[in-house]
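These notes concern the structure reproduced below.
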Amino acid sequence: MKLDPKGMDFRDLHHLLAGAVVPRPIALVSTIGENGVYNVAPLSSISIASVKPPLLSFSLSTRRRKDGEKKDTLRNIEFRREFVVNVPVVESMAEAMNRSGAEYPDHVSEFKETGLTAVMAERVYAPMVAESPVSFECRLVQILEFGEHPSVSSLVIGEVVMAHIKDEFYANGELQSNQMHAVGRLLEPYCRTRDTFDFKVEYTL
Ligand SMILES: Cc1cc2nc3c(=O)[nH]c(=O)nc-3n(C[C@H](O)[C@H](O)[C@H](O)COP(=O)(O)O)c2cc1C
């Protein structure tokens with residue numbers, strides 16, 4: 001079958017794209033609001049935008065059922081221009097991560113609601129998620145907006161200015177990502193990453 005995206009609504013387009021781009025990694029992006037409240041939200045649109053400079057990107061869509069309201073994460077990043085990307089979400093954090101995706105009013109901290117632990121970052125004004133294997137402190141580089149009200153997607157690009165890695169996941173100068181037990185996302189369900197395999201392919205970095 002074929003699907004022509006022209007004329008498809010937001011929900012169907014989301015299902016088409018997110019049903020095919022699988023498995024997606026999940027990041028917890030943590031910020032501080034203008035009101036001082038610590039915020040954390042799960043985002044599966046996380047990706048590497050550039051290696052040198054080290055840039056991470058993710059996309060935030062507006063809340064269409066709330067007249068295109070911006071999510072707290074986007075408002076906080078626009079205000080502070082700093083944030084932390086905590087990756088990957090691992091099995092022991094999965095339930096808290098899932099709960100942190102619920103819609104809380106901006107005066108409620110998802111850290112308090114989920115039991116995730118906030119530790120202040122060193123170089124940016126944002127909290128890190130202490131349970132996360134890696135936390136990247138980021139400064140905002142650019143926000144690109146696509147679409148029209150009420151369905152706007154904002155692609156946020158940030159430069160990593162400091163990386164925090166749990167010692168247990170670092171050996172021989174490399175991250176031990178196969179030890180982390182990361183979880184990913186299919187269209188809706190989550191998946192585990194314990195079942196790995198390897199091919200020997202030669203390519204240059
Ligand atoms: C696993 C998972 C992945 C998600 N990925 C995204 C995403 O990439 N972009 C987005 O706008 N919302 C995504 N969401 C929904 C947001 O986390 C949700 O709208 C949240 O309430 C936003 O919180 P905030 O208002 O504190 O920023 C995801 C939710 C879950 C559970």
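Residues are named by chain letter and number: chains run A, B, ... in the order of the structure tokens, numbers start at 1 in each chain, and ligands are numbered from 1 in the order shown.
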
With ligand 1 as the partner and 7 Å as the cut-off, tabulate the residues of chain A that qualify, each row holding the nearest pair of atoms and their distance in Å to one decimal, using only C-alpha atoms and all ligand atoms, sorted by chain and rising number, as a Markdown table.
| residue | atom | partner | partner_atom_place_in_ligand_line | distance |
| --- | --- | --- | --- | --- |
| A:Ile26 | CA | ligand 1 | 1 (C) | 6.0 |
| A:Asn39 | CA | ligand 1 | 26 (O) | 5.7 |
| A:Val40 | CA | ligand 1 | 26 (O) | 5.8 |
| A:Ala41 | CA | ligand 1 | 17 (O) | 4.7 |
| A:Pro42 | CA | ligand 1 | 17 (O) | 4.4 |
| A:Leu43 | CA | ligand 1 | 5 (N) | 3.3 |
| A:Ser44 | CA | ligand 1 | 5 (N) | 4.0 |
| A:Ser45 | CA | ligand 1 | 8 (O) | 3.8 |
| A:Ile46 | CA | ligand 1 | 8 (O) | 6.6 |
| A:Phe58 | CA | ligand 1 | 8 (O) | 6.3 |
| A:Ser59 | CA | ligand 1 | 9 (N) | 5.2 |
| A:Leu60 | CA | ligand 1 | 11 (O) | 3.4 |
| A:Ser61 | CA | ligand 1 | 11 (O) | 4.0 |
| A:Thr62 | CA | ligand 1 | 11 (O) | 6.6 |
| A:Lys71 | CA | ligand 1 | 25 (O) | 3.8 |
| A:Asp72 | CA | ligand 1 | 25 (O) | 3.8 |
| A:Thr73 | CA | ligand 1 | 27 (O) | 3.6 |
| A:Leu74 | CA | ligand 1 | 27 (O) | 6.4 |
| A:Met97 | CA | ligand 1 | 31 (C) | 6.8 |
| A:Asn98 | CA | ligand 1 | 31 (C) | 4.8 |
| A:Ser100 | CA | ligand 1 | 17 (O) | 6.9 |
| A:Gly101 | CA | ligand 1 | 17 (O) | 3.9 |
| A:Ala102 | CA | ligand 1 | 21 (O) | 4.7 |
| A:Glu103 | CA | ligand 1 | 21 (O) | 4.2 |
| A:Tyr104 | CA | ligand 1 | 21 (O) | 6.7 |
| A:Arg185 | CA | ligand 1 | 1 (C) | 6.3 |

Just to be explicit: take each residue in the selection above, keep N, CA, C and O atoms, and write the result as a short mmCIF file (atom, residue, chain, number, x, y, z; two decimals), in the first residue's frame.
data_model
loop_
_atom_site.label_atom_id
_atom_site.label_comp_id
_atom_site.auth_asym_id
_atom_site.auth_seq_id
_atom_site.Cartn_x
_atom_site.Cartn_y
_atom_site.Cartn_z
N ILE A 26 15.07 7.06 24.17
CA ILE A 26 14.29 8.00 24.99
C ILE A 26 15.26 8.81 25.86
O ILE A 26 16.13 8.23 26.52
N ASN A 39 11.72 20.86 36.04
CA ASN A 39 10.88 20.12 35.10
C ASN A 39 11.67 19.00 34.44
O ASN A 39 12.87 19.16 34.16
N VAL A 40 10.99 17.87 34.19
CA VAL A 40 11.65 16.82 33.40
C VAL A 40 10.59 16.16 32.52
O VAL A 40 9.46 15.92 32.97
N ALA A 41 10.96 15.91 31.25
CA ALA A 41 10.00 15.31 30.31
C ALA A 41 10.72 14.28 29.44
O ALA A 41 11.86 14.50 29.01
N PRO A 42 10.03 13.15 29.14
CA PRO A 42 10.61 12.15 28.24
C PRO A 42 10.39 12.54 26.79
O PRO A 42 9.30 12.97 26.41
N LEU A 43 11.41 12.40 25.97
CA LEU A 43 11.31 12.74 24.54
C LEU A 43 11.99 11.65 23.72
O LEU A 43 13.16 11.33 23.94
N SER A 44 11.25 11.11 22.75
CA SER A 44 11.83 10.04 21.94
C SER A 44 12.29 10.56 20.57
O SER A 44 12.64 9.77 19.70
N SER A 45 12.26 11.87 20.40
CA SER A 45 12.76 12.46 19.15
C SER A 45 14.23 12.86 19.28
O SER A 45 14.77 13.54 18.42
N ILE A 46 14.87 12.41 20.35
CA ILE A 46 16.27 12.75 20.61
C ILE A 46 17.19 12.17 19.52
O ILE A 46 17.02 11.03 19.11
N PHE A 58 16.19 17.54 19.50
CA PHE A 58 14.92 16.85 19.78
C PHE A 58 13.80 17.77 19.37
O PHE A 58 14.00 18.98 19.19
N SER A 59 12.64 17.18 19.18
CA SER A 59 11.52 17.95 18.67
C SER A 59 10.39 17.97 19.68
O SER A 59 10.04 16.93 20.26
N LEU A 60 9.83 19.15 19.91
CA LEU A 60 8.71 19.30 20.84
C LEU A 60 7.49 19.76 20.05
O LEU A 60 7.55 20.78 19.35
N SER A 61 6.42 18.99 20.16
CA SER A 61 5.19 19.42 19.47
C SER A 61 4.30 20.15 20.47
O SER A 61 4.37 19.92 21.68
N THR A 62 3.44 21.03 19.93
CA THR A 62 2.51 21.76 20.79
C THR A 62 1.38 20.83 21.22
O THR A 62 1.16 19.78 20.61
N LYS A 71 4.72 23.17 25.33
CA LYS A 71 5.04 22.34 26.49
C LYS A 71 6.01 23.10 27.40
O LYS A 71 6.77 23.96 26.95
N ASP A 72 5.98 22.74 28.70
CA ASP A 72 6.83 23.42 29.67
C ASP A 72 8.30 23.36 29.25
O ASP A 72 9.04 24.35 29.40
N THR A 73 8.73 22.21 28.75
CA THR A 73 10.15 22.05 28.38
C THR A 73 10.55 23.12 27.37
O THR A 73 11.61 23.75 27.51
N LEU A 74 9.72 23.36 26.36
CA LEU A 74 10.06 24.35 25.34
C LEU A 74 10.06 25.76 25.94
O LEU A 74 10.99 26.55 25.69
N MET A 97 9.97 7.37 34.23
CA MET A 97 10.01 8.10 32.95
C MET A 97 8.61 8.20 32.36
O MET A 97 8.16 9.26 31.94
N ASN A 98 7.89 7.07 32.36
CA ASN A 98 6.56 7.05 31.75
C ASN A 98 5.62 8.01 32.49
O ASN A 98 4.87 8.75 31.87
N SER A 100 6.54 10.63 34.13
CA SER A 100 6.96 12.03 33.94
C SER A 100 6.40 12.61 32.64
O SER A 100 6.42 13.82 32.43
N GLY A 101 5.87 11.75 31.76
CA GLY A 101 5.29 12.22 30.50
C GLY A 101 3.86 12.69 30.63
O GLY A 101 3.28 13.23 29.68
N ALA A 102 3.26 12.51 31.83
CA ALA A 102 1.88 12.97 32.03
C ALA A 102 1.84 14.50 32.03
O ALA A 102 2.86 15.15 32.28
N GLU A 103 0.66 15.06 31.78
CA GLU A 103 0.53 16.52 31.73
C GLU A 103 0.35 17.09 33.13
O GLU A 103 -0.73 17.01 33.70
N TYR A 104 1.41 17.65 33.67
CA TYR A 104 1.31 18.30 34.98
C TYR A 104 1.29 19.82 34.76
O TYR A 104 1.95 20.32 33.85
N ARG A 185 11.55 2.96 22.34
CA ARG A 185 10.12 3.03 22.08
C ARG A 185 9.81 2.59 20.66
O ARG A 185 10.48 2.99 19.71
#

Considering only C-alpha atoms, return as a count of residues only whatever protein or nucleic-acid residues lie within 7 Å of Thr31 in chain A, sequence-local ones (same chain, fewer than 3 positions apart) excluded. 10

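Picture a line from CA of Leu155 in chain A to CA of Ile143 in chain A; it runs 5.5 Å.
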
All strand (DSSP E) residues (DSSP, backbone) inside range 76-186 of chain A, as a count of residues only: 45

Got a sec to tell me which of range 23-89 of chain A DSSP assigns to alpha helix (DSSP H), as a ChimeraX atom specification? /A:72-80

Write out, as a compact mmCIF listing (two decimals), in the first residue's frame, the residues just selected, with N, CA and C atoms.
# COMPACT_ATOMS: atom_id res chain seq x y z
N ASP A 72 5.98 22.74 28.70
CA ASP A 72 6.83 23.42 29.67
C ASP A 72 8.30 23.36 29.25
N THR A 73 8.73 22.21 28.75
CA THR A 73 10.15 22.05 28.38
C THR A 73 10.55 23.12 27.37
N LEU A 74 9.72 23.36 26.36
CA LEU A 74 10.06 24.35 25.34
C LEU A 74 10.06 25.76 25.94
N ARG A 75 9.05 26.06 26.74
CA ARG A 75 9.00 27.40 27.34
C ARG A 75 10.22 27.64 28.24
N ASN A 76 10.61 26.61 28.99
CA ASN A 76 11.77 26.76 29.88
C ASN A 76 13.06 26.95 29.08
N ILE A 77 13.19 26.21 27.97
CA ILE A 77 14.42 26.33 27.16
C ILE A 77 14.46 27.70 26.48
N GLU A 78 13.31 28.17 26.01
CA GLU A 78 13.29 29.51 25.39
C GLU A 78 13.68 30.57 26.42
N PHE A 79 13.28 30.36 27.67
CA PHE A 79 13.56 31.36 28.71
C PHE A 79 15.00 31.28 29.21
N ARG A 80 15.46 30.06 29.53
CA ARG A 80 16.81 29.91 30.14
C ARG A 80 17.91 29.70 29.12

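Put simply, CA of Ser132 in chain A is 8.0 Å away from CA of Lys166 in chain A.
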
Contacts of Val85 in chain A at 9 Å (only C-alpha atoms; same-chain gap of 6+ positions) as a PyMOL selection string: chain A and resi 27-30+46+56+128-129+134-138+160

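For the residues A:Gly68, A:Pro53, A:Pro105, A:Pro25, ranking by smallest atom-to-atom distance to Asn86 in chain A using only C-alpha atoms places A:Pro25 first.
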
Within 10 Å of range 8-15 of chain A, counting only C-alpha atoms, which residues qualify if same-chain residues fewer than 3 places away don't, as a PyMOL selection string? chain A and resi 3-5+18-21+64+151+187-188

File of the preceding selection, C-alpha atoms, as an mmCIF file, in the first residue's frame:
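Dumped to again18.cif:
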data_model
loop_
_atom_site.group_PDB
_atom_site.id
_atom_site.type_symbol
_atom_site.label_atom_id
_atom_site.label_comp_id
_atom_site.auth_asym_id
_atom_site.auth_seq_id
_atom_site.Cartn_x
_atom_site.Cartn_y
_atom_site.Cartn_z
ATOM 1 C CA LEU A 3 0.155 6.668 1.827
ATOM 2 C CA ASP A 4 0.289 10.229 0.529
ATOM 3 C CA PRO A 5 1.069 12.506 3.514
ATOM 4 C CA ALA A 18 6.688 7.101 14.750
ATOM 5 C CA GLY A 19 5.478 3.667 13.671
ATOM 6 C CA ALA A 20 8.309 3.390 11.166
ATOM 7 C CA VAL A 21 11.155 5.179 12.969
ATOM 8 C CA ARG A 64 -3.120 20.456 19.989
ATOM 9 C CA SER A 151 0.290 21.901 15.295
ATOM 10 C CA LEU A 187 5.045 3.237 18.124
ATOM 11 C CA GLU A 188 3.504 2.977 21.618
#

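Taking only C-alpha atoms into account, Ile157 in chain A lies nearest to A:Glu82 out of the set A:Glu113, A:Glu69, A:Glu82, A:Glu91.
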
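With only C-alpha atoms as the atoms that count, the minimum distance from Met120 in chain A to the choices A:His181, A:Arg63, A:His164, A:Asn35 is reached by A:His164.
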
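Within the 12 Å cut-off around Glu168 in chain A, using only C-alpha atoms and omitting residues fewer than 2 positions from it on the same chain, the listed residues are Ser132, Pro133, Val134, His164, Ile165, Lys166, Tyr170, Ala171, Asn172, Glu174, Leu175, Gln176, Ser177, Asn178, Gln179 and Met180 of chain A.
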
What lies within 7 Å of Ala182 in chain A using only C-alpha atoms, ignoring chain neighbours under 4 positions off, as a list in words? Pro88, Val89, Val90, Glu91, Arg192 and Thr193 of chain A

Just to be explicit: take each residue in the selection above, keep C-alpha atoms, and write the result as a PDB file, in the first residue's frame.
ATOM      1  CA  PRO A  88      19.468   6.669  27.963  1.00  0.00           C
ATOM      2  CA  VAL A  89      16.358   5.873  29.961  1.00  0.00           C
ATOM      3  CA  VAL A  90      17.175   2.484  31.492  1.00  0.00           C
ATOM      4  CA  GLU A  91      14.877  -0.296  32.721  1.00  0.00           C
ATOM      5  CA  ARG A 192      14.473  -3.595  25.886  1.00  0.00           C
ATOM      6  CA  THR A 193      17.994  -3.648  24.463  1.00  0.00           C
TER       7      THR A 193
END

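Nearest to Gly33 in chain A of all the residues A:Arg81, A:His149, A:Arg123, A:Arg194 is A:Arg81, counting only C-alpha atoms.
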